[in-house]
Amino acid sequence: MRRRAALILALACVAAGCGGSGTKHVLPASSVPTTRPAVPSAFTDKVTNDDLNTPTLNRSVWDFVDPNADSNVLMDGTHAVISVPAGSDTATHDPNDHGDRAPRLMQAITPGDFSFDAKFDSQVARQFQQQGVVVEQDATHYLYAKVVQNLFQTSFVVQVVSGTAISTPTNASIYNRPSMILRVAHRGTNWSVGYSYDGLYWTAASSFAADVTPQRVGIFGGNAGNTAPPFSAKVDSFLNTERSTDPPIINFWYGVNQAFGTHGQPQQWANVLGDVVDPSGTYRLTYSLNDGTDQPLSLGENAVRLAAPGDFNVEIDYLQLHYGSNTIKLTAVDNDGNVSTKSVTVNKAVDKLWPLPYTANWSVAGGNADNIAQVADGHWVVQSDGTIRNQDIGYDRLVLIGQASSWSQYTATAPVTIHSMDPDSSAVGLITGFTGATSDLNGTPNPDQPRSGHPFPAAFLFDQSGGRRAHVEIYANSSSHVEQTLIADKSGTQLELEVPYTFKASATDNGAGGSLFRFKIWKTGTAEPAAWLLEANGDLNQGSVALVAHRADVSFGTVVITHQP
């Protein structure tokens with residue numbers, strides 16, 4: 001929904017600043033591999049395990065490489081800590097700067113197939129800080145995967161260096177978390193690189209072919225550029241990854257029996273949401289509808305709708321569903337060749353029009369928000385206090401209410417309690433006129449799965465982004481108002497965390513071919529203000545109401561929507 005997502009998609013990674021090359025992007029559906037490299041009968045123990053909790057570094061395993069002779073490694077009792085000074089004109093600490101200049105711990109291996117995990121408990125909190133893993137053939141032939149803070153966005157970058165030639169299989173925006181596990185698996189000339197925050201949910205970020213004959217593997221900390229701040233990479237463990245015989249576990253968040261269209265159709269799509277748990281890392285995920293052809297599914301995380309590793313969103317056009325029962329079957333294949341299948345039964349109701357007025361009272365939803373609304377994104381749970389709350393924090397967690405084809409003039413009222421907001425980019429509120437995601441990102445074709453185009457005539461938000469003070473606004477992303485604030489509050493209205501507020505949004509025809517949008521907020525339990533806080537004209541409103549939590553933890557109470565003549 002938000003303009004920050006559009007900016008992330010458009011950012012170019014400047015090689016001199018971020019240590020990478022190519023265009024920054026989120027992983028599209030095309031990044032999901034269609035074939036799997038041959039899996040050997042077993043990985044040999046080529047990688048030496050080290051839990052790195054000894055008082056001194058095991059020098060029989062590790063060699064500390066300090067290219068600029070200005071860094072150090074120490075043991076803090078639970079980590080190996082690689083400390084790097086600030087960057088300068090004469091010294092950089094970057095694996096992609098005319099040879100590997102990053103301070104690193106390396107261990108020798110014999111050439112062959114292997115897989116290893118490295119767990120980092122440090123966070124790249126400042127510009128150009130980085131940490132990662134590296135596989136070397138020699139000083140000018142190597143590959144690495146790193147987490148780097150660049151251009152005010154955290155990225156996961158995989159690069160292959162072969163002399164003066166550098167390729168970038170992956171350069172993807174990710175969320176900045178305090179702990180991360182990086183995995184590299186090598187099979188012949190095929191490589192797989194992924195990451196996880198907990199060792200159960202994995203993002204298979206990159207699979208590619210590279211002609212690198214491994215001689216050493218290791219871990220590094222670094223920074224890039226002469227203004228880069230110092231950094232200390234804290235490595236918790238470095239472990240040989242044995243093959244697993246445990247198959248992936250597929251979870252459907254809203255059950256194995258789901259219904260769409262029971263009240264009406266709030267958007268073009270039916271969304272079946274869930275995640276895959278797999279310590280081996282899921283290599284490929286596909287779905288089929290009613291025993292049809294397998295279709296690829298993207299696995300999270302990405303910078304848009306798949307908020308966490310392992311997340312999926314099966315987005316199917318209502319027109320593809322039969323009336324009555326449909327079967328959607330998912331098939332997951334992991335990096336060790338284990339396969340799982342699981343099906344969900346989807347019932348499509350005979351065409352109905354969502355009634356207006358409408359009240360969504362979560363306390364009578366039977367414990368499932370989908371029974372009285374339609375979840376498009378996110379894992380929403382009905383709380384004991386009669387609210388719904390998103391269990392995942394990420395891009396545009398959306399719950400939809402209404403009829404996309406006919407709802408146009410209405411007022412929506414909802415109690416909102418904000419528990420937390422990302423200070424860099426977040427927003428909370430209501431959207432009107434929503435009809436569903438598209439494959440068009442403001443005029444640019446975008447092949448993401450699920451779709452990431454997000455048109456709407458008005459969003460009524462409490463917005464906190466870009467280091468600015470949070471503010472109330474009416475925002476639009478429509479044909480005449482592309483990613484644009486229609487009007488912002490200048491009075492300085494602020495909302496407190498853990499305090500319920502009532503959001504009220506109105507959309508009516510303005511007599512000039514568009515709609516008049518009006519917005520007010522007040523503390524729940526106090527008198528409603530007589531005047532609207534904000535009013536603005538925009539494109540014509542037609543579509544459903546969406547509850548939105550963008551990179552925020554939010555509870556919504558009973559939603560009341562009334563018709564406006």
# chains A, B, ... in the order shown; residues from 1 in each chain; ligands from 1
call {"tool": "residues_around", "arguments": {"residues": "Ala404 (chain A)", "least_positions_apart": "3", "cutoff": "9 Å", "atoms": "only C-alpha atoms", "output": "PDB file with N, CA, C and O atoms, in the first residue's frame"}}
result
ATOM      1  N   GLY A 264     -20.250 -11.919   0.226  1.00  0.00           N
ATOM      2  CA  GLY A 264     -20.081 -11.156  -0.996  1.00  0.00           C
ATOM      3  C   GLY A 264     -18.625 -11.249  -1.433  1.00  0.00           C
ATOM      4  O   GLY A 264     -17.844 -12.049  -0.894  1.00  0.00           O
ATOM      5  N   GLN A 265     -18.254 -10.423  -2.391  1.00  0.00           N
ATOM      6  CA  GLN A 265     -16.902 -10.487  -2.942  1.00  0.00           C
ATOM      7  C   GLN A 265     -16.208  -9.142  -2.746  1.00  0.00           C
ATOM      8  O   GLN A 265     -16.463  -8.196  -3.476  1.00  0.00           O
ATOM      9  N   PRO A 266     -15.275  -9.038  -1.771  1.00  0.00           N
ATOM     10  CA  PRO A 266     -14.639  -7.753  -1.476  1.00  0.00           C
ATOM     11  C   PRO A 266     -13.489  -7.391  -2.403  1.00  0.00           C
ATOM     12  O   PRO A 266     -12.993  -6.271  -2.363  1.00  0.00           O
ATOM     13  N   GLN A 267     -13.014  -8.348  -3.209  1.00  0.00           N
ATOM     14  CA  GLN A 267     -11.917  -8.087  -4.141  1.00  0.00           C
ATOM     15  C   GLN A 267     -11.948  -9.159  -5.222  1.00  0.00           C
ATOM     16  O   GLN A 267     -12.764 -10.090  -5.184  1.00  0.00           O
ATOM     17  N   GLN A 268     -11.044  -9.047  -6.173  1.00  0.00           N
ATOM     18  CA  GLN A 268     -11.007 -10.003  -7.286  1.00  0.00           C
ATOM     19  C   GLN A 268     -10.511 -11.371  -6.851  1.00  0.00           C
ATOM     20  O   GLN A 268     -10.825 -12.380  -7.481  1.00  0.00           O
ATOM     21  N   TRP A 354     -22.469  -8.195  -0.776  1.00  0.00           N
ATOM     22  CA  TRP A 354     -22.220  -7.907   0.647  1.00  0.00           C
ATOM     23  C   TRP A 354     -23.217  -6.841   1.108  1.00  0.00           C
ATOM     24  O   TRP A 354     -23.314  -5.772   0.498  1.00  0.00           O
ATOM     25  N   TRP A 407     -20.036  -1.170  -3.670  1.00  0.00           N
ATOM     26  CA  TRP A 407     -19.960  -0.248  -2.542  1.00  0.00           C
ATOM     27  C   TRP A 407     -19.243   1.032  -2.989  1.00  0.00           C
ATOM     28  O   TRP A 407     -18.163   0.975  -3.575  1.00  0.00           O
ATOM     29  N   SER A 408     -19.841   2.184  -2.695  1.00  0.00           N
ATOM     30  CA  SER A 408     -19.200   3.441  -3.110  1.00  0.00           C
ATOM     31  C   SER A 408     -19.323   4.539  -2.061  1.00  0.00           C
ATOM     32  O   SER A 408     -18.336   5.194  -1.745  1.00  0.00           O
ATOM     33  N   GLY A 433     -12.575   1.850  -1.064  1.00  0.00           N
ATOM     34  CA  GLY A 433     -12.498   1.672  -2.509  1.00  0.00           C
ATOM     35  C   GLY A 433     -11.516   0.629  -2.954  1.00  0.00           C
ATOM     36  O   GLY A 433     -10.999   0.684  -4.074  1.00  0.00           O
ATOM     37  N   PHE A 434     -11.268  -0.385  -2.126  1.00  0.00           N
ATOM     38  CA  PHE A 434     -10.278  -1.411  -2.474  1.00  0.00           C
ATOM     39  C   PHE A 434     -10.937  -2.500  -3.316  1.00  0.00           C
ATOM     40  O   PHE A 434     -12.039  -2.965  -3.004  1.00  0.00           O
ATOM     41  N   THR A 435     -10.275  -2.932  -4.393  1.00  0.00           N
ATOM     42  CA  THR A 435     -10.801  -3.987  -5.260  1.00  0.00           C
ATOM     43  C   THR A 435      -9.839  -5.148  -5.437  1.00  0.00           C
ATOM     44  O   THR A 435     -10.172  -6.132  -6.092  1.00  0.00           O
ATOM     45  N   GLY A 436      -8.629  -5.043  -4.886  1.00  0.00           N
ATOM     46  CA  GLY A 436      -7.676  -6.139  -4.970  1.00  0.00           C
ATOM     47  C   GLY A 436      -6.339  -5.714  -5.524  1.00  0.00           C
ATOM     48  O   GLY A 436      -6.217  -4.687  -6.196  1.00  0.00           O
ATOM     49  N   GLN A 542     -14.987   3.346  -5.191  1.00  0.00           N
ATOM     50  CA  GLN A 542     -15.812   2.161  -5.395  1.00  0.00           C
ATOM     51  C   GLN A 542     -15.018   0.939  -5.015  1.00  0.00           C
ATOM     52  O   GLN A 542     -13.989   0.642  -5.614  1.00  0.00           O
ATOM     53  N   GLY A 543     -15.490   0.239  -4.003  1.00  0.00           N
ATOM     54  CA  GLY A 543     -14.799  -0.955  -3.546  1.00  0.00           C
ATOM     55  C   GLY A 543     -15.003  -1.160  -2.057  1.00  0.00           C
ATOM     56  O   GLY A 543     -15.749  -0.430  -1.384  1.00  0.00           O
ATOM     57  N   SER A 544     -14.311  -2.133  -1.527  1.00  0.00           N
ATOM     58  CA  SER A 544     -14.509  -2.540  -0.144  1.00  0.00           C
ATOM     59  C   SER A 544     -13.695  -1.701   0.832  1.00  0.00           C
ATOM     60  O   SER A 544     -12.864  -0.883   0.443  1.00  0.00           O
ATOM     61  N   VAL A 545     -13.943  -1.944   2.100  1.00  0.00           N
ATOM     62  CA  VAL A 545     -13.173  -1.341   3.188  1.00  0.00           C
ATOM     63  C   VAL A 545     -12.089  -2.331   3.606  1.00  0.00           C
ATOM     64  O   VAL A 545     -12.350  -3.536   3.727  1.00  0.00           O
TER      65      VAL A 545
END
call {"tool": "closest_atom_pairs", "arguments": {"of": "region 218-279 of chain A", "to": "region 295-319 of chain A", "cutoff": "10 Å", "atoms": "only C-alpha atoms", "output": "tab-separated table"}}
result
residue	atom	partner	partner_atom	distance
A:Ile250	CA	A:Gly310	CA	9.3
A:Asn251	CA	A:Asp311	CA	9.4
A:Phe252	CA	A:Phe312	CA	9.4
A:Phe260	CA	A:Tyr318	CA	8.5
A:Gly261	CA	A:Tyr318	CA	8.7
A:Gln265	CA	A:Tyr318	CA	8.5
A:Gln267	CA	A:Tyr318	CA	8.7
A:Gln268	CA	A:Asp317	CA	5.9
A:Trp269	CA	A:Asp317	CA	4.6
A:Ala270	CA	A:Ile316	CA	5.2
A:Asn271	CA	A:Glu315	CA	4.7
A:Val272	CA	A:Val314	CA	4.9
A:Leu273	CA	A:Asn313	CA	4.7
A:Gly274	CA	A:Phe312	CA	5.6
A:Asp275	CA	A:Asp311	CA	4.2
A:Val276	CA	A:Gly310	CA	4.9
A:Val277	CA	A:Gly310	CA	6.5
A:Asp278	CA	A:Gly310	CA	8.3
call {"tool": "write_last_selection", "arguments": {"atoms": "all heavy atoms", "output": "CSV table (one decimal), in the first residue's frame"}}
result
chain,number,residue,atom,x,y,z
A,250,ILE,N,3.4,-28.0,6.2
A,250,ILE,CA,2.6,-27.0,5.5
A,250,ILE,C,1.5,-26.6,6.5
A,250,ILE,O,0.7,-27.5,6.9
A,250,ILE,CB,2.1,-27.5,4.2
A,250,ILE,CG1,3.2,-27.8,3.2
A,250,ILE,CG2,1.2,-26.4,3.6
A,250,ILE,CD1,2.8,-28.5,2.0
A,251,ASN,N,1.4,-25.3,6.8
A,251,ASN,CA,0.3,-24.8,7.7
A,251,ASN,C,-0.6,-23.9,7.0
A,251,ASN,O,-0.1,-23.0,6.3
A,251,ASN,CB,0.9,-24.1,8.9
A,251,ASN,CG,1.8,-24.9,9.7
A,251,ASN,OD1,1.5,-26.0,10.2
A,251,ASN,ND2,3.1,-24.5,10.0
A,252,PHE,N,-1.9,-24.1,7.1
A,252,PHE,CA,-2.9,-23.2,6.6
A,252,PHE,C,-3.5,-22.4,7.8
A,252,PHE,O,-4.1,-23.0,8.7
A,252,PHE,CB,-4.0,-23.9,5.9
A,252,PHE,CG,-3.6,-24.6,4.6
A,252,PHE,CD1,-3.7,-26.0,4.5
A,252,PHE,CD2,-3.2,-23.9,3.5
A,252,PHE,CE1,-3.3,-26.7,3.4
A,252,PHE,CE2,-2.8,-24.6,2.3
A,252,PHE,CZ,-2.8,-26.0,2.3
A,260,PHE,N,-15.3,-18.7,0.6
A,260,PHE,CA,-15.2,-17.4,0.0
A,260,PHE,C,-16.5,-17.0,-0.6
A,260,PHE,O,-17.2,-17.9,-1.2
A,260,PHE,CB,-14.0,-17.4,-1.0
A,260,PHE,CG,-12.7,-17.5,-0.4
A,260,PHE,CD1,-12.1,-18.8,-0.3
A,260,PHE,CD2,-12.0,-16.4,0.1
A,260,PHE,CE1,-10.8,-19.0,0.3
A,260,PHE,CE2,-10.7,-16.6,0.6
A,260,PHE,CZ,-10.2,-17.8,0.8
A,261,GLY,N,-16.8,-15.8,-0.5
A,261,GLY,CA,-18.1,-15.3,-1.1
A,261,GLY,C,-19.3,-15.5,-0.3
A,261,GLY,O,-20.4,-15.3,-0.7
A,265,GLN,N,-18.3,-10.4,-2.4
A,265,GLN,CA,-16.9,-10.5,-2.9
A,265,GLN,C,-16.2,-9.1,-2.7
A,265,GLN,O,-16.5,-8.2,-3.5
A,265,GLN,CB,-17.0,-10.8,-4.4
A,265,GLN,CG,-15.6,-11.1,-5.0
A,265,GLN,CD,-15.7,-11.5,-6.5
A,265,GLN,OE1,-16.6,-12.2,-6.9
A,265,GLN,NE2,-14.7,-11.1,-7.3
A,267,GLN,N,-13.0,-8.3,-3.2
A,267,GLN,CA,-11.9,-8.1,-4.1
A,267,GLN,C,-11.9,-9.2,-5.2
A,267,GLN,O,-12.8,-10.1,-5.2
A,267,GLN,CB,-10.6,-8.1,-3.4
A,267,GLN,CG,-10.2,-9.4,-2.8
A,267,GLN,CD,-8.8,-9.6,-2.4
A,267,GLN,OE1,-7.9,-8.8,-2.8
A,267,GLN,NE2,-8.5,-10.6,-1.6
A,268,GLN,N,-11.0,-9.0,-6.2
A,268,GLN,CA,-11.0,-10.0,-7.3
A,268,GLN,C,-10.5,-11.4,-6.9
A,268,GLN,O,-10.8,-12.4,-7.5
A,268,GLN,CB,-10.1,-9.5,-8.4
A,268,GLN,CG,-10.0,-10.3,-9.6
A,268,GLN,CD,-9.1,-9.7,-10.7
A,268,GLN,OE1,-8.7,-8.6,-10.6
A,268,GLN,NE2,-8.9,-10.5,-11.8
A,269,TRP,N,-9.8,-11.4,-5.8
A,269,TRP,CA,-9.0,-12.6,-5.4
A,269,TRP,C,-9.5,-13.3,-4.2
A,269,TRP,O,-10.1,-12.7,-3.2
A,269,TRP,CB,-7.5,-12.3,-5.2
A,269,TRP,CG,-7.0,-11.3,-6.2
A,269,TRP,CD1,-6.7,-10.0,-6.0
A,269,TRP,CD2,-6.7,-11.6,-7.6
A,269,TRP,NE1,-6.2,-9.4,-7.2
A,269,TRP,CE2,-6.2,-10.4,-8.2
A,269,TRP,CE3,-6.8,-12.8,-8.4
A,269,TRP,CZ2,-5.9,-10.3,-9.5
A,269,TRP,CZ3,-6.4,-12.7,-9.7
A,269,TRP,CH2,-6.0,-11.5,-10.3
A,270,ALA,N,-9.3,-14.6,-4.2
A,270,ALA,CA,-9.4,-15.4,-2.9
A,270,ALA,C,-8.0,-15.7,-2.5
A,270,ALA,O,-7.2,-16.2,-3.3
A,270,ALA,CB,-10.2,-16.7,-3.2
A,271,ASN,N,-7.7,-15.5,-1.2
A,271,ASN,CA,-6.3,-15.7,-0.7
A,271,ASN,C,-6.3,-16.9,0.3
A,271,ASN,O,-7.0,-16.8,1.3
A,271,ASN,CB,-5.8,-14.4,-0.1
A,271,ASN,CG,-5.7,-13.3,-1.0
A,271,ASN,OD1,-6.6,-12.4,-1.1
A,271,ASN,ND2,-4.7,-13.3,-1.9
A,272,VAL,N,-5.5,-17.9,0.0
A,272,VAL,CA,-5.3,-19.0,1.0
A,272,VAL,C,-3.9,-18.7,1.5
A,272,VAL,O,-2.9,-18.8,0.8
A,272,VAL,CB,-5.4,-20.3,0.3
A,272,VAL,CG1,-5.0,-21.4,1.3
A,272,VAL,CG2,-6.8,-20.6,-0.3
A,273,LEU,N,-3.8,-18.5,2.8
A,273,LEU,CA,-2.6,-18.0,3.5
A,273,LEU,C,-2.0,-19.1,4.4
A,273,LEU,O,-2.8,-19.9,5.0
A,273,LEU,CB,-2.9,-16.8,4.3
A,273,LEU,CG,-3.6,-15.7,3.5
A,273,LEU,CD1,-4.1,-14.6,4.5
A,273,LEU,CD2,-2.6,-15.0,2.5
A,274,GLY,N,-0.7,-19.1,4.6
A,274,GLY,CA,-0.1,-20.0,5.5
A,274,GLY,C,1.4,-19.9,5.5
A,274,GLY,O,2.0,-18.9,5.0
A,275,ASP,N,2.1,-20.9,6.0
A,275,ASP,CA,3.6,-21.0,6.0
A,275,ASP,C,4.0,-22.4,5.9
A,275,ASP,O,3.3,-23.4,6.1
A,275,ASP,CB,4.2,-20.2,7.2
A,275,ASP,CG,3.7,-20.8,8.5
A,275,ASP,OD1,3.7,-22.0,8.7
A,275,ASP,OD2,3.4,-20.0,9.4
A,276,VAL,N,5.3,-22.5,5.6
A,276,VAL,CA,6.0,-23.8,5.6
A,276,VAL,C,7.1,-23.9,6.6
A,276,VAL,O,8.0,-23.0,6.6
A,276,VAL,CB,6.5,-24.1,4.2
A,276,VAL,CG1,7.2,-25.5,4.1
A,276,VAL,CG2,5.4,-24.1,3.1
A,277,VAL,N,7.1,-24.9,7.4
A,277,VAL,CA,8.2,-25.1,8.4
A,277,VAL,C,9.1,-26.2,7.9
A,277,VAL,O,8.6,-27.3,7.6
A,277,VAL,CB,7.6,-25.5,9.8
A,277,VAL,CG1,8.7,-25.6,10.8
A,277,VAL,CG2,6.6,-24.5,10.3
A,278,ASP,N,10.4,-25.9,7.9
A,278,ASP,CA,11.3,-26.9,7.3
A,278,ASP,C,12.8,-26.6,7.7
A,278,ASP,O,13.4,-25.6,7.2
A,278,ASP,CB,11.2,-27.0,5.8
A,278,ASP,CG,12.0,-28.1,5.2
A,278,ASP,OD1,12.6,-28.9,6.0
A,278,ASP,OD2,11.9,-28.3,4.0
call {"tool": "closest_residue", "arguments": {"among": "A:Ala210, A:Asn223, A:Ala427, A:Thr558", "to": "Val364 (chain A)", "atoms": "only C-alpha atoms"}}
result
A:Thr558
call {"tool": "select_by_dssp", "arguments": {"residues": "region 240-314 of chain A", "states": "strand (DSSP E)", "output": "ChimeraX atom specification"}}
result
/A:240,249-252,257-260,269-277,282-289,295-296,311-314
call {"tool": "residues_around", "arguments": {"residues": "Trp522 (chain A)", "least_positions_apart": "6", "cutoff": "7 Å", "atoms": "only C-alpha atoms", "output": "number ranges by chain"}}
result
A: 501-502, 528
call {"tool": "closest_atom_pairs", "arguments": {"of": "region 31-142 of chain A", "to": "region 156-174 of chain A", "cutoff": "8 Å", "atoms": "only C-alpha atoms", "output": "tab-separated table"}}
result
residue	atom	partner	partner_atom	distance
A:Asn96	CA	A:Val161	CA	7.7
A:His98	CA	A:Thr164	CA	7.7
A:Thr140	CA	A:Gly163	CA	5.0
A:His141	CA	A:Ser162	CA	4.6
A:Tyr142	CA	A:Val161	CA	5.3
call {"tool": "atom_distance", "arguments": {"atom1": "CA of Gln149 (chain A)", "atom2": "CA of Asn226 (chain A)"}}
result
14.8 Å
call {"tool": "residues_around", "arguments": {"residues": "Tyr395 (chain A)", "least_positions_apart": "2", "cutoff": "12 Å", "atoms": "only C-alpha atoms", "output": "ChimeraX atom specification"}}
result
/A:1-6,174-175,300-308,376-378,390,392-393,397-398,421-422,425-428,452,454,548-553
call {"tool": "closest_atom_pairs", "arguments": {"of": "region 179-298 of chain A", "to": "region 109-128 of chain A", "cutoff": "12 Å", "atoms": "only C-alpha atoms", "output": "CSV"}}
result
residue,atom,partner,partner_atom,distance
A:Ser179,CA,A:Asp121,CA,4.5
A:Met180,CA,A:Phe120,CA,5.4
A:Ile181,CA,A:Lys119,CA,4.2
A:Leu182,CA,A:Ala118,CA,5.3
A:Arg183,CA,A:Asp117,CA,4.5
A:Val184,CA,A:Ser115,CA,5.6
A:Ala185,CA,A:Ser115,CA,4.1
A:His186,CA,A:Asp113,CA,5.1
A:Arg187,CA,A:Asp113,CA,4.9
A:Gly188,CA,A:Asp113,CA,6.5
A:Thr189,CA,A:Asp113,CA,9.3
A:Asn190,CA,A:Asp113,CA,9.5
A:Trp191,CA,A:Ser115,CA,9.6
A:Ser192,CA,A:Ser115,CA,9.1
A:Val193,CA,A:Ser115,CA,9.6
A:Gly194,CA,A:Asp117,CA,9.5
A:Tyr195,CA,A:Asp117,CA,8.9
A:Ser196,CA,A:Lys119,CA,9.2
A:Tyr197,CA,A:Lys119,CA,9.0
A:Asp198,CA,A:Lys119,CA,9.7
A:Gly199,CA,A:Lys119,CA,9.4
A:Trp202,CA,A:Asp117,CA,11.9
A:Val212,CA,A:Pro111,CA,9.9
A:Thr213,CA,A:Pro111,CA,6.4
A:Pro214,CA,A:Pro111,CA,5.4
A:Gln215,CA,A:Ile109,CA,5.5
A:Arg216,CA,A:Ile109,CA,5.5
A:Val217,CA,A:Ile109,CA,7.2
A:Gly218,CA,A:Ala118,CA,8.7
A:Ile219,CA,A:Ala118,CA,7.5
A:Phe220,CA,A:Phe120,CA,10.2
A:Gly221,CA,A:Val124,CA,9.9
A:Gly222,CA,A:Phe128,CA,8.4
A:Asn223,CA,A:Phe128,CA,5.3
A:Ala224,CA,A:Phe128,CA,5.5
A:Gly225,CA,A:Phe128,CA,7.3
A:Asn226,CA,A:Phe128,CA,9.9
A:Thr227,CA,A:Phe128,CA,8.6
A:Ala228,CA,A:Phe128,CA,5.7
A:Pro229,CA,A:Arg126,CA,7.1
A:Pro230,CA,A:Arg126,CA,9.1
A:Phe231,CA,A:Val124,CA,8.0
A:Ser232,CA,A:Ser122,CA,7.4
A:Ala233,CA,A:Ser122,CA,5.6
A:Lys234,CA,A:Ser122,CA,5.1
A:Val235,CA,A:Phe120,CA,4.5
A:Asp236,CA,A:Lys119,CA,5.3
A:Ser237,CA,A:Lys119,CA,5.4
A:Phe238,CA,A:Ala118,CA,4.5
A:Leu239,CA,A:Asp117,CA,5.3
A:Asn240,CA,A:Phe116,CA,4.5
A:Thr241,CA,A:Phe116,CA,4.9
A:Glu242,CA,A:Ser115,CA,7.4
A:Arg243,CA,A:Ser115,CA,8.8
A:Ser244,CA,A:Ser115,CA,11.8
A:Pro279,CA,A:Asp117,CA,11.0
A:Ser280,CA,A:Ser115,CA,10.2
A:Gly281,CA,A:Asp117,CA,11.3
call {"tool": "decode", "arguments": {"residues": "region 204-233 of chain A", "atoms": "C-alpha atoms", "output": "compact mmCIF listing (two decimals), in the first residue's frame"}}
result
# COMPACT_ATOMS: atom_id res chain seq x y z
CA ALA A 204 15.44 -19.94 -0.06
CA ALA A 205 16.84 -16.69 -1.31
CA SER A 206 19.04 -17.85 -4.16
CA SER A 207 19.84 -20.94 -6.23
CA PHE A 208 22.42 -20.62 -8.99
CA ALA A 209 25.32 -22.26 -10.81
CA ALA A 210 28.88 -21.03 -10.16
CA ASP A 211 32.23 -22.50 -11.14
CA VAL A 212 33.95 -22.10 -7.77
CA THR A 213 35.99 -24.99 -6.37
CA PRO A 214 35.75 -24.60 -2.57
CA GLN A 215 39.00 -24.63 -0.63
CA ARG A 216 38.00 -22.57 2.42
CA VAL A 217 34.75 -21.44 4.03
CA GLY A 218 34.15 -18.86 6.70
CA ILE A 219 32.43 -15.89 8.30
CA PHE A 220 33.10 -12.17 8.11
CA GLY A 221 32.19 -8.77 9.45
CA GLY A 222 32.69 -5.59 7.51
CA ASN A 223 31.64 -2.21 6.21
CA ALA A 224 31.90 -0.39 2.90
CA GLY A 225 32.81 3.18 1.97
CA ASN A 226 35.03 5.78 3.58
CA THR A 227 32.19 7.04 5.79
CA ALA A 228 31.16 3.60 7.05
CA PRO A 229 30.88 3.32 10.86
CA PRO A 230 32.70 0.66 12.87
CA PHE A 231 31.01 -2.69 13.36
CA SER A 232 31.32 -5.85 15.44
CA ALA A 233 29.91 -9.07 13.98
